[in-house]
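Okay, structure first, notes after.
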Amino acid sequence: MRDGQPSQTARQAAAYRAIHQTLERGAIFKDEFALRILDAETAASLSEIARDDSVRPMRLFIAARSRFSEDTIENCVARGVRQVVVLGAGLDTFSLRNPYADLGLRVFEVDYPAMQVWKRDRIKAVGLSEPPSLVFAPIDFERDSLAEGLTRVGFVVDEPAFFQWLGVVPYLTKHAVWSTLKFISELPQAAVVFDYAEPFENYPAERRASIVATAERAAARGEPWLSLFEPIELHHLLHGVGFNVVEDLGASEIAQHYYGILGRGIALGPGAHIVRARQRVN
């Protein structure tokens with residue numbers, strides 16, 4: 001993101017979540033605040049974005065990754081987790097919808113300081129309140145210590161936690177990805193859900209130009225893609241830092257689990273993945 005400006009990628013993802021609520025009636029993932037929290041400029045663009053069928057695969061993917069993550073949160077809460085960390089939160093609204101607040105679930109949102117200031121302004125502007133269970137932790141993944149940034153705002157490192165890390169990995173260096181996963185894996189009963197993209201050369205020729213163009217647009221707005229992973233490389237990284245249970249959903253598995261008839265006509269193959277990694281509890 002550009003210094004002092006909210007992330008354009010985060011705004012785009014929020015737009016896709018909002019469109020999913022209206023165009024597909026939240027068939028994959030329901031979010032009552034997805035439309036409400038948008039800024040006026042993004043909200044004004046929704047009709048045009050919705051008419052562009054070329055972004056439908058990404059829109060459904062973003063809905064699916066949120067559904068996958070929040071289903072995992074439900075399972076984690078059932079086994080006693082009371083800390084959720086949303087890394088690169090953007091305009092994600094789980095913290096505003098937190099259905100487990102009465103059980104003591106705290107939600108720590110991690111993001112760039114400028115993005116968090118803007119989001120808090122958005123929450124106030126639309127007449128919502130910051131729940132007592134929500135804690136903001138301003139952190140730059142490339143420069144700041146995640147451990148220090150979280151403990152500074154009350155995160156307890158010796159208690160179980162779940163980490164949601166969506167739409168962030170491609171924008172970080174591989175060292176930042178490794179250090180973040182290593183920190184998470186060293187926590188007790190740690191679990192994380194995140195997404196990643198395969199290298200451009202893995203895409204078939206007819207899709208490669210489109211994905212390269214997407215990356216070029218991101219770079220032009222100051223948010224270049226820095227890390228793409230071969231699945232086997234990513235799995236080795238996860239096992240290397242201490243995760244011993246890894247579930248990796250590629251395009252076909254994601255479509256099978258979540259899309260139904262909404263996935264008609266979507267090309268499947270190499271591309272974006274959703275991963276859940278955790279430590280095996282004996």
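The chains in the structure tokens are called A, B, ... from first to last as shown; in each chain the residues are counted from 1, and the ligands are counted from 1 in the order shown.
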Practice task
Do a neighbour search on region 184-192 of chain A at 7 Å with only C-alpha atoms, toss out local chain neighbours closer than 4 positions, and write the hits as an NGL selection string.
Solution key: :A and (157-164 or 180 or 241-243 or 276-279 or 281)
Practice task
Write down as a PyMOL selection string the residues belonging to region 27-247 of chain A that are assigned helix (DSSP H, G or I) by DSSP computed on the backbone.
Solution key: chain A and resi 40-44+46-51+53-78+94-97+101-103+113-125+146-151+169-171+174-185+200-202+205-220+231-241
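Nearest to Met58 (chain A) of all the residues A:Arg152, A:Ala251, A:Trp225, A:Ile261 is A:Ala251, counting only C-alpha atoms.
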Handout entry: Residue neighbourhood His273 (chain A), 12 Å, only C-alpha atoms, exclusion window fewer than 5 positions, as a PyMOL selection string
Key = chain A and resi 58+61-62+64-65+68+166-167+169-170+193-199+228-231+234-235+247-255+268
Would you mind exporting C-alpha atoms of the selected residues as a compact mmCIF listing (two decimals), in the first residue's frame?
# COMPACT_ATOMS: atom_id res chain seq x y z
CA MET A 58 -11.91 -14.06 -7.84
CA PHE A 61 -12.74 -17.35 -4.27
CA ILE A 62 -12.76 -14.45 -1.80
CA ALA A 64 -14.92 -19.15 -0.17
CA ARG A 65 -11.75 -18.26 1.70
CA PHE A 68 -13.38 -21.57 5.12
CA LEU A 166 -6.19 -13.78 3.87
CA GLY A 167 -5.09 -11.85 0.80
CA VAL A 169 0.96 -13.62 1.40
CA PRO A 170 1.60 -12.59 -2.24
CA VAL A 193 -5.83 -20.23 7.51
CA PHE A 194 -4.23 -18.35 4.63
CA ASP A 195 -4.19 -18.21 0.85
CA TYR A 196 -1.38 -18.16 -1.67
CA ALA A 197 -0.88 -18.13 -5.45
CA GLU A 198 1.20 -20.36 -7.70
CA PRO A 199 3.94 -19.00 -10.01
CA LEU A 228 4.38 -16.97 -5.26
CA PHE A 229 4.74 -20.58 -4.16
CA GLU A 230 4.84 -24.01 -5.70
CA PRO A 231 2.52 -26.16 -3.53
CA LEU A 234 4.84 -24.18 0.58
CA HIS A 235 4.17 -27.54 2.23
CA GLU A 247 -4.86 -29.03 4.29
CA ASP A 248 -4.38 -27.34 0.92
CA LEU A 249 -7.41 -26.67 -1.28
CA GLY A 250 -6.71 -25.90 -4.91
CA ALA A 251 -9.21 -24.53 -7.40
CA SER A 252 -11.00 -27.84 -7.99
CA GLU A 253 -11.41 -28.60 -4.29
CA ILE A 254 -12.62 -25.07 -3.55
CA ALA A 255 -15.20 -25.26 -6.33
CA LEU A 268 -10.12 -24.78 -12.91
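Checking A:Leu128, A:Gly90, A:Val85, A:Ala220 one by one against Ala114 (chain A), counting only C-alpha atoms, you find the shortest gap at A:Gly90.
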